[in-house]
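**Q** Dumping the structure here so I can ask a few things about it.
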Amino acid sequence: MGLIVQKYGGTSVGSAERMRAVAERIARTHRQGHELVVVVSAMGHTTDALVKMACEMHSEPDPREMDMLLTTGEQQSVALLTMALHALGCKAISLTGAQVGVVTEPNHTRARIRRVQTGRINELLAAGYVLVVAGFQGICHSRFWEITTLGRGGSDTSAVALAAVLKANRCEIYTDVPGVLTTDPRLVKEAALLDEITSEEMLELASLGAQVLHPRAVEIARNYAVPLVVRSSWSDAPGTIVLSPRLPVDRAIDNLETERPVDAVYIDNHQAKIALLRVPDRPGVAAALFAHLAKAGIDVDLIIQSIHHPNSPEPTNDIAYTVQRQDLPAAVAASNTAAAELGGCAVVVDSAPTKVSIRGAGIIGRPGVVAQMFKALAEAGINIQMISTSEISLSCVIAGDLAAKAGEVLCRQFGLRAPVYEDPPVLSAVRPAVQAVRGVALDPDQAQVAILQIPDRPGVAAAIFECLAHEGIAVDMIVQSQRGADTNDIGFTVSRSAVRSAQRALDSLCSGFAGCGGVVVRESVAKLSLVGAGIVGTPGVAAHMFETLAALGTNIEMISTSTIKVSCIVEAARCEASLKAVHRAFGLGSAAIVAVEGRSS
Ligand SMILES: Nc1ncnc2c1ncn2[C@@H]1O[C@H](COP(=O)(O)OP(=O)(O)O)[C@@H](O)[C@H]1O
Ligand SMILES: N[C@@H](CC(=O)OP(=O)(O)O)C(=O)O
């Protein structure tokens, strides 16, 4: 017996009948002797309907009023579910976020949780109540107490935060699919159930488009080692366990979501860098290059393909990648062969750079962290040669002799004791590329921004990302490589809804950079990503993805990799076909079709 936090999503409580079925499950769990805190979302598409009504009143509704409005959806469902529990004879009470003491930052529509004041929860649990709590909401104090929301999909975060604070035995997320699947079953009907997944893999999948869990919920589960499971509301099947590392939890429970976004600084002194400059921008180019490297058994670490100049008559890309230094001669030979086949593009080698990375859950969701890393390096006079990002890490390639200095300034910036010097990964001689991948995610709502020909000197990346952080724009998939002798192009993606404000902010900033080629935007792109903890140390994973896309005729606009993911930006129009092909190519499908509410294909 113990304390369980359960969360029921909108579909699970989407009708009176479903609400009663959920009430029966809750009453049964309570009868078994468990203490229960139940977090509930708004019924069905209530939140979407409220957003639509708000937009009919004003084209850009005031964030405070949005929070006032959207929190009513959850308030309805907690009251109704509690009534259903009463009808079953179960002692239950409904509570809003404010009433259970969820205190957030003063940031309307996307507040992070600071703490939960558990006094009332503990009293009610001790008195034998099932607590039915409105998800997705909290309260903040600036001058007055104000209602806040945590951002769309935030009820998962409410549930895991309560589980962390109450030290619950487990947190169960009930939804309309049997658990975490290899991809979105609404898009790929062969999507297969995963029995378990690591929190780092889940964090990437969730942030890259798998809507089944809110990334911030996974972040809290990982940081506080909360036992987390995702299950179907319609069955008793065990679902998917999200495995968090059994870290010694040395985090304060105060500042739950706001403390220490960076866990560690890593330095990798075993890398070498190769760049192919001005390769033709057409399908199959990345596939050809990385097929040569895979054939030679070379494990590629970072890969970045920066944006091409879309306005030039023959657009080109730069592709840069890093390998273990001992593999450099073989990698150079493979790259020269590929370059010759591609019409003789330049191959540039740096045999002793350093990769310096910051790691921690949720780096990318906080625009300020990215800017802080670049600023700390710039202030130390350290030039960034290559940037690559993921949800849990941000890596920069810098000159090899600046490793110690970079480690020192970044540790100081993020309040850490000392950097961790990384060992080279252990290569798997036996694992085929297809077994390294656990899931595929698609984010169809991305826009791509490129800033062309910016000066190659310390401080430029910092200025750009500080400017975006100032506007509150979360940036994803930053890619920078060296293009000319003294200029760089920086590319990145933002959610489509933020692209206009990003362009406005950057246009005025970049007019101050002498010789800058301007800010170029593509509004309709999608991000297709492979995720798997086994990607590091398994040669050929990226090559297989690129080959699959090439065979489909899909052009890759941008590439960014980390140790556990490979992301490609592709045209939005081709994204679903590309997702299906990549899912099939990595053998992720299952013959057993999972039941999904309202499946569209
Ligand atoms: N990898 C994945 N595994 C499971 N579901 C996924 C995945 N990627 C996307 N989804 C989608 O997430 C949906 C569940 O999330 P959501 O609609 O927010 O549920 P809830 O209302 O229960 O919070 C599923 O119906 C499914 O279409
Ligand atoms: N109702 C909110 C919060 C939420 O988490 O909903 P769901 O659990 O149904 O995704 C939303 O729609 O964003």
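Each chain in the structure tokens gets a letter, A, B, ..., in the order shown, and its residues are numbered from 1; ligands are numbered from 1 in order too.
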Give me, as JSON lines, each residue of chain A that comes within 7 Å of ligand 1, together with its shortest interatomic pair and the distance in Å at one decimal, counting only C-alpha atoms and all ligand atoms, with rows ordered by chain and rising residue number.

**A**
```
{"residue": "A:Tyr8", "atom": "CA", "partner": "ligand 1", "partner_atom_place_in_ligand_line": "22 (O)", "distance": 6.2}
{"residue": "A:Gly9", "atom": "CA", "partner": "ligand 1", "partner_atom_place_in_ligand_line": "22 (O)", "distance": 3.4}
{"residue": "A:Gly10", "atom": "CA", "partner": "ligand 1", "partner_atom_place_in_ligand_line": "21 (O)", "distance": 4.0}
{"residue": "A:Thr11", "atom": "CA", "partner": "ligand 1", "partner_atom_place_in_ligand_line": "21 (O)", "distance": 4.8}
{"residue": "A:Ser12", "atom": "CA", "partner": "ligand 1", "partner_atom_place_in_ligand_line": "22 (O)", "distance": 6.2}
{"residue": "A:Gly153", "atom": "CA", "partner": "ligand 1", "partner_atom_place_in_ligand_line": "18 (O)", "distance": 5.9}
{"residue": "A:Tyr174", "atom": "CA", "partner": "ligand 1", "partner_atom_place_in_ligand_line": "22 (O)", "distance": 6.2}
{"residue": "A:Thr175", "atom": "CA", "partner": "ligand 1", "partner_atom_place_in_ligand_line": "22 (O)", "distance": 3.6}
{"residue": "A:Asp176", "atom": "CA", "partner": "ligand 1", "partner_atom_place_in_ligand_line": "25 (O)", "distance": 5.4}
{"residue": "A:Val177", "atom": "CA", "partner": "ligand 1", "partner_atom_place_in_ligand_line": "25 (O)", "distance": 5.6}
{"residue": "A:Gly179", "atom": "CA", "partner": "ligand 1", "partner_atom_place_in_ligand_line": "4 (C)", "distance": 5.8}
{"residue": "A:Val180", "atom": "CA", "partner": "ligand 1", "partner_atom_place_in_ligand_line": "3 (N)", "distance": 3.8}
{"residue": "A:Leu181", "atom": "CA", "partner": "ligand 1", "partner_atom_place_in_ligand_line": "3 (N)", "distance": 3.7}
{"residue": "A:Thr182", "atom": "CA", "partner": "ligand 1", "partner_atom_place_in_ligand_line": "1 (N)", "distance": 5.1}
{"residue": "A:Thr183", "atom": "CA", "partner": "ligand 1", "partner_atom_place_in_ligand_line": "1 (N)", "distance": 3.9}
{"residue": "A:Asp184", "atom": "CA", "partner": "ligand 1", "partner_atom_place_in_ligand_line": "8 (N)", "distance": 3.5}
{"residue": "A:Pro185", "atom": "CA", "partner": "ligand 1", "partner_atom_place_in_ligand_line": "27 (O)", "distance": 5.6}
{"residue": "A:Arg186", "atom": "CA", "partner": "ligand 1", "partner_atom_place_in_ligand_line": "27 (O)", "distance": 5.0}
{"residue": "A:Leu205", "atom": "CA", "partner": "ligand 1", "partner_atom_place_in_ligand_line": "1 (N)", "distance": 7.0}
{"residue": "A:Gly209", "atom": "CA", "partner": "ligand 1", "partner_atom_place_in_ligand_line": "8 (N)", "distance": 6.6}
{"residue": "A:Ala210", "atom": "CA", "partner": "ligand 1", "partner_atom_place_in_ligand_line": "8 (N)", "distance": 3.5}
{"residue": "A:Gln211", "atom": "CA", "partner": "ligand 1", "partner_atom_place_in_ligand_line": "12 (O)", "distance": 4.3}
{"residue": "A:Val212", "atom": "CA", "partner": "ligand 1", "partner_atom_place_in_ligand_line": "15 (O)", "distance": 3.7}
{"residue": "A:Leu213", "atom": "CA", "partner": "ligand 1", "partner_atom_place_in_ligand_line": "15 (O)", "distance": 6.6}
{"residue": "A:Gly439", "atom": "CA", "partner": "ligand 1", "partner_atom_place_in_ligand_line": "1 (N)", "distance": 6.8}
{"residue": "A:Ala441", "atom": "CA", "partner": "ligand 1", "partner_atom_place_in_ligand_line": "8 (N)", "distance": 6.7}
{"residue": "A:Val596", "atom": "CA", "partner": "ligand 1", "partner_atom_place_in_ligand_line": "25 (O)", "distance": 6.4}
{"residue": "A:Glu597", "atom": "CA", "partner": "ligand 1", "partner_atom_place_in_ligand_line": "25 (O)", "distance": 6.7}
```

**Q** If the limit is 10 Å from any atom of ligand 2, counting only C-alpha atoms and all ligand atoms, which residues qualify? Return them as an MDAnalysis selection string.

**A** chainID A and resid 7:14 39:51 70:74 134:137 149:159 173:176 211:214

**Q** Rank nothing, just name the residue among A:Val449, A:Val100, A:Ile147, A:Tyr321 nearest to Leu506 of chain A, using only C-alpha atoms.

**A**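 With only C-alpha atoms as the atom set, the closest residue is A:Val449.
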
**Q** At a cut-off of 6 Å, using only C-alpha atoms, what residues contact segment 373-389 of chain A? Leave out same-chain residues fewer than 2 positions from it and give the result as an NGL selection string.

**A** :A and (370-371 or 393-398 or 457-459 or 462 or 477-481)

**Q** Could you take the residues named above and write them with N, CA, C and O atoms, as a CSV table (one decimal), in the first residue's frame?

**A**
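Dumped to again01.csv:
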```csv
chain,number,residue,atom,x,y,z
A,370,VAL,N,20.7,28.6,-23.2
A,370,VAL,CA,21.5,28.6,-24.4
A,370,VAL,C,22.3,29.9,-24.5
A,370,VAL,O,23.5,29.9,-24.7
A,371,ALA,N,21.7,31.0,-24.3
A,371,ALA,CA,22.3,32.3,-24.4
A,371,ALA,C,23.5,32.4,-23.3
A,371,ALA,O,24.5,32.9,-23.6
A,393,SER,N,21.1,18.3,-24.1
A,393,SER,CA,22.5,18.8,-24.2
A,393,SER,C,22.7,19.9,-25.2
A,393,SER,O,21.9,20.0,-26.1
A,394,LEU,N,23.7,20.6,-25.1
A,394,LEU,CA,24.1,21.6,-26.0
A,394,LEU,C,25.6,21.5,-26.1
A,394,LEU,O,26.3,21.6,-25.1
A,395,SER,N,26.1,21.2,-27.3
A,395,SER,CA,27.5,21.0,-27.5
A,395,SER,C,28.1,22.0,-28.5
A,395,SER,O,27.5,22.4,-29.5
A,396,CYS,N,29.3,22.5,-28.1
A,396,CYS,CA,30.0,23.4,-29.0
A,396,CYS,C,31.4,22.8,-29.3
A,396,CYS,O,32.1,22.3,-28.4
A,397,VAL,N,31.8,22.9,-30.5
A,397,VAL,CA,33.2,22.5,-30.9
A,397,VAL,C,34.0,23.8,-30.9
A,397,VAL,O,33.6,24.8,-31.5
A,398,ILE,N,35.2,23.7,-30.1
A,398,ILE,CA,36.0,24.9,-30.0
A,398,ILE,C,37.5,24.4,-30.2
A,398,ILE,O,37.7,23.2,-30.4
A,457,ARG,N,33.5,35.4,-34.9
A,457,ARG,CA,34.2,35.9,-33.7
A,457,ARG,C,33.4,35.7,-32.4
A,457,ARG,O,32.2,35.6,-32.5
A,458,PRO,N,34.1,35.6,-31.3
A,458,PRO,CA,33.4,35.4,-30.0
A,458,PRO,C,32.3,36.4,-29.8
A,458,PRO,O,32.5,37.6,-30.1
A,459,GLY,N,31.2,36.0,-29.3
A,459,GLY,CA,30.1,37.0,-28.9
A,459,GLY,C,29.0,37.1,-29.9
A,459,GLY,O,27.9,37.6,-29.5
A,462,ALA,N,26.3,34.5,-28.9
A,462,ALA,CA,25.7,35.0,-27.7
A,462,ALA,C,24.7,36.1,-27.9
A,462,ALA,O,23.6,36.1,-27.4
A,477,MET,N,17.2,23.0,-32.1
A,477,MET,CA,18.1,22.6,-33.2
A,477,MET,C,18.9,23.7,-33.8
A,477,MET,O,18.8,24.1,-35.0
A,478,ILE,N,19.8,24.2,-33.0
A,478,ILE,CA,20.8,25.2,-33.5
A,478,ILE,C,21.9,24.5,-34.2
A,478,ILE,O,22.5,23.5,-33.8
A,479,VAL,N,22.2,25.0,-35.4
A,479,VAL,CA,23.3,24.4,-36.2
A,479,VAL,C,24.2,25.6,-36.6
A,479,VAL,O,23.7,26.5,-37.2
A,480,GLN,N,25.5,25.4,-36.4
A,480,GLN,CA,26.4,26.4,-36.9
A,480,GLN,C,27.6,25.7,-37.4
A,480,GLN,O,28.1,24.8,-36.8
A,481,SER,N,28.0,26.1,-38.6
A,481,SER,CA,29.3,25.5,-39.1
A,481,SER,C,30.0,26.7,-39.8
A,481,SER,O,29.5,27.7,-40.1
```

**Q** Mind checking DSSP for segment 367-456 of chain A and telling me the strand (DSSP E or B) residues as JSON, numbers by chain?

**A** {"A": [386, 387, 388, 389, 393, 394, 395, 396, 397, 398, 399, 420, 421, 439, 440, 441, 442, 443, 444, 445, 446, 447, 448, 449, 450, 451, 452, 453, 454, 455]}

**Q** Can you write just those residues out, C-alpha atoms, as a short mmCIF file (atom, residue, chain, number, x, y, z; two decimals), in the first residue's frame?

**A**
```cif
data_model
loop_
_atom_site.label_atom_id
_atom_site.label_comp_id
_atom_site.auth_asym_id
_atom_site.auth_seq_id
_atom_site.Cartn_x
_atom_site.Cartn_y
_atom_site.Cartn_z
CA MET A 386 30.29 24.26 -34.44
CA ILE A 387 27.09 24.10 -32.41
CA SER A 388 24.78 21.15 -32.03
CA THR A 389 21.80 20.81 -29.74
CA SER A 393 22.51 18.76 -24.20
CA LEU A 394 24.11 21.64 -26.01
CA SER A 395 27.53 20.99 -27.54
CA CYS A 396 30.04 23.40 -29.00
CA VAL A 397 33.20 22.48 -30.86
CA ILE A 398 36.03 24.86 -29.99
CA ALA A 399 39.81 25.01 -30.47
CA VAL A 420 33.65 15.73 -16.46
CA TYR A 421 36.26 14.56 -18.98
CA GLY A 439 11.39 5.59 -31.55
CA VAL A 440 10.71 8.16 -34.23
CA ALA A 441 9.09 11.53 -33.63
CA LEU A 442 7.69 14.16 -35.93
CA ASP A 443 7.14 17.82 -35.20
CA PRO A 444 5.27 19.23 -38.20
CA ASP A 445 4.96 22.77 -36.82
CA GLN A 446 8.49 24.04 -37.18
CA ALA A 447 9.96 26.99 -39.02
CA GLN A 448 13.57 27.36 -40.01
CA VAL A 449 15.60 30.53 -39.59
CA ALA A 450 19.05 31.14 -41.03
CA ILE A 451 21.36 34.05 -40.47
CA LEU A 452 23.87 34.17 -43.26
CA GLN A 453 27.47 35.32 -43.28
CA ILE A 454 27.81 36.53 -39.74
CA PRO A 455 31.27 37.43 -38.44
#
```

**Q** Return the single residue from A:Pro227, A:Pro238, A:Gly297, A:Gly343 that is closest to Ala163 of chain A, with distances computed using only C-alpha atoms.

**A** A:Pro227

**Q** Name all residues at most 10 Å from segment 215-226 of chain A (count only C-alpha atoms; drop same-chain ones fewer than 4 positions away) and give them as a PyMOL selection string.

**A** chain A and resi 112+150-151+153-161+163-165+167-171+198-211+242-253+256-257+261+263+360-362+365+391-392

**Q** For Ala87 of chain A, find every residue with an atom within 12 Å (counting only C-alpha atoms), except residues of its own chain fewer than 2 positions away, and show them as a PyMOL selection string.

**A** chain A and resi 19-20+23-24+27+80-85+89-92

**Q** Save the residues we just selected, C-alpha atoms, as a CSV table (one decimal), in the first residue's frame?

**A**
```csv
chain,number,residue,atom,x,y,z
A,19,MET,CA,-15.7,9.9,-16.5
A,20,ARG,CA,-17.8,7.2,-14.7
A,23,ALA,CA,-14.2,7.0,-11.3
A,24,GLU,CA,-14.6,3.2,-11.0
A,27,ALA,CA,-12.6,3.9,-6.4
A,80,LEU,CA,-17.7,16.3,-12.1
A,81,LEU,CA,-15.3,13.5,-11.5
A,82,THR,CA,-15.6,14.0,-7.7
A,83,MET,CA,-19.4,13.8,-8.0
A,84,ALA,CA,-19.0,10.5,-9.9
A,85,LEU,CA,-16.8,9.3,-7.1
A,89,GLY,CA,-19.5,5.9,-2.2
A,90,CYS,CA,-15.9,7.1,-2.4
A,91,LYS,CA,-14.8,9.9,-0.1
A,92,ALA,CA,-13.3,12.5,-2.5
```

**Q** Using DSSP on the backbone coordinates, identify the residues of segment 341-492 of chain A assigned to helix (DSSP H, G or I); present them as a ChimeraX atom specification.

**A** /A:341,367-379,400-413,433-436,460-470

**Q** Can you pull out the residues contacting segment 500-505 of chain A? Cut-off 10 Å, using only C-alpha atoms, and skip same-chain residues under 4 positions away; I want them as a list of chain:residue names.

**A**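 Here the answer would be A:Ala447, A:Val449, A:Ala450, A:Ile451, A:Ile464, A:Cys467, A:Leu468, A:Ala469, A:His470, A:Glu471, A:Gly472, A:Ile473, A:Ala474, A:Val475, A:Val494, A:Arg496, A:Leu509, A:Cys510, A:Val519, A:Val520, A:Val521, A:Glu523.
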
**Q** Given the choices A:His583, A:Lys273, A:Arg278, A:Arg417, which gets closest to Ser351 of chain A if the distance is worked out from only C-alpha atoms?

**A**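 Once distances to Ser351 of chain A are computed over only C-alpha atoms, the minimum belongs to A:Lys273.
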
**Q** Within 6 Å of segment 530-535 of chain A, counting only C-alpha atoms, which residues show up once you throw out same-chain ones fewer than 4 positions away? Write them as a short mmCIF file (atom, residue, chain, number, x, y, z; two decimals) with N, CA, C and O atoms, in the first residue's frame, please.

**A**
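The result, written out as selection_3.cif:
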```
data_model
loop_
_atom_site.label_atom_id
_atom_site.label_comp_id
_atom_site.auth_asym_id
_atom_site.auth_seq_id
_atom_site.Cartn_x
_atom_site.Cartn_y
_atom_site.Cartn_z
N ALA A 436 19.54 0.13 -32.75
CA ALA A 436 19.93 1.20 -31.85
C ALA A 436 18.80 2.20 -31.62
O ALA A 436 18.86 3.01 -30.71
N VAL A 437 17.78 2.12 -32.47
CA VAL A 437 16.74 3.15 -32.44
C VAL A 437 15.50 2.65 -31.72
O VAL A 437 15.06 1.53 -31.93
N ARG A 438 14.94 3.49 -30.84
CA ARG A 438 13.78 3.10 -30.04
C ARG A 438 12.49 3.73 -30.56
O ARG A 438 11.42 3.19 -30.42
N GLY A 439 12.60 4.92 -31.11
CA GLY A 439 11.39 5.59 -31.55
C GLY A 439 11.67 6.68 -32.56
O GLY A 439 12.82 7.11 -32.73
N VAL A 440 10.60 7.10 -33.23
CA VAL A 440 10.71 8.16 -34.23
C VAL A 440 9.66 9.22 -33.90
O VAL A 440 8.52 8.87 -33.58
N ILE A 564 22.07 10.68 -28.50
CA ILE A 564 20.93 9.78 -28.53
C ILE A 564 19.85 10.15 -29.56
O ILE A 564 18.77 9.60 -29.54
N LYS A 565 20.16 11.08 -30.45
CA LYS A 565 19.15 11.36 -31.49
C LYS A 565 19.78 11.87 -32.78
O LYS A 565 20.90 12.38 -32.78
N VAL A 566 19.03 11.67 -33.86
CA VAL A 566 19.40 12.27 -35.15
C VAL A 566 18.16 13.00 -35.63
O VAL A 566 17.09 12.40 -35.73
#
```
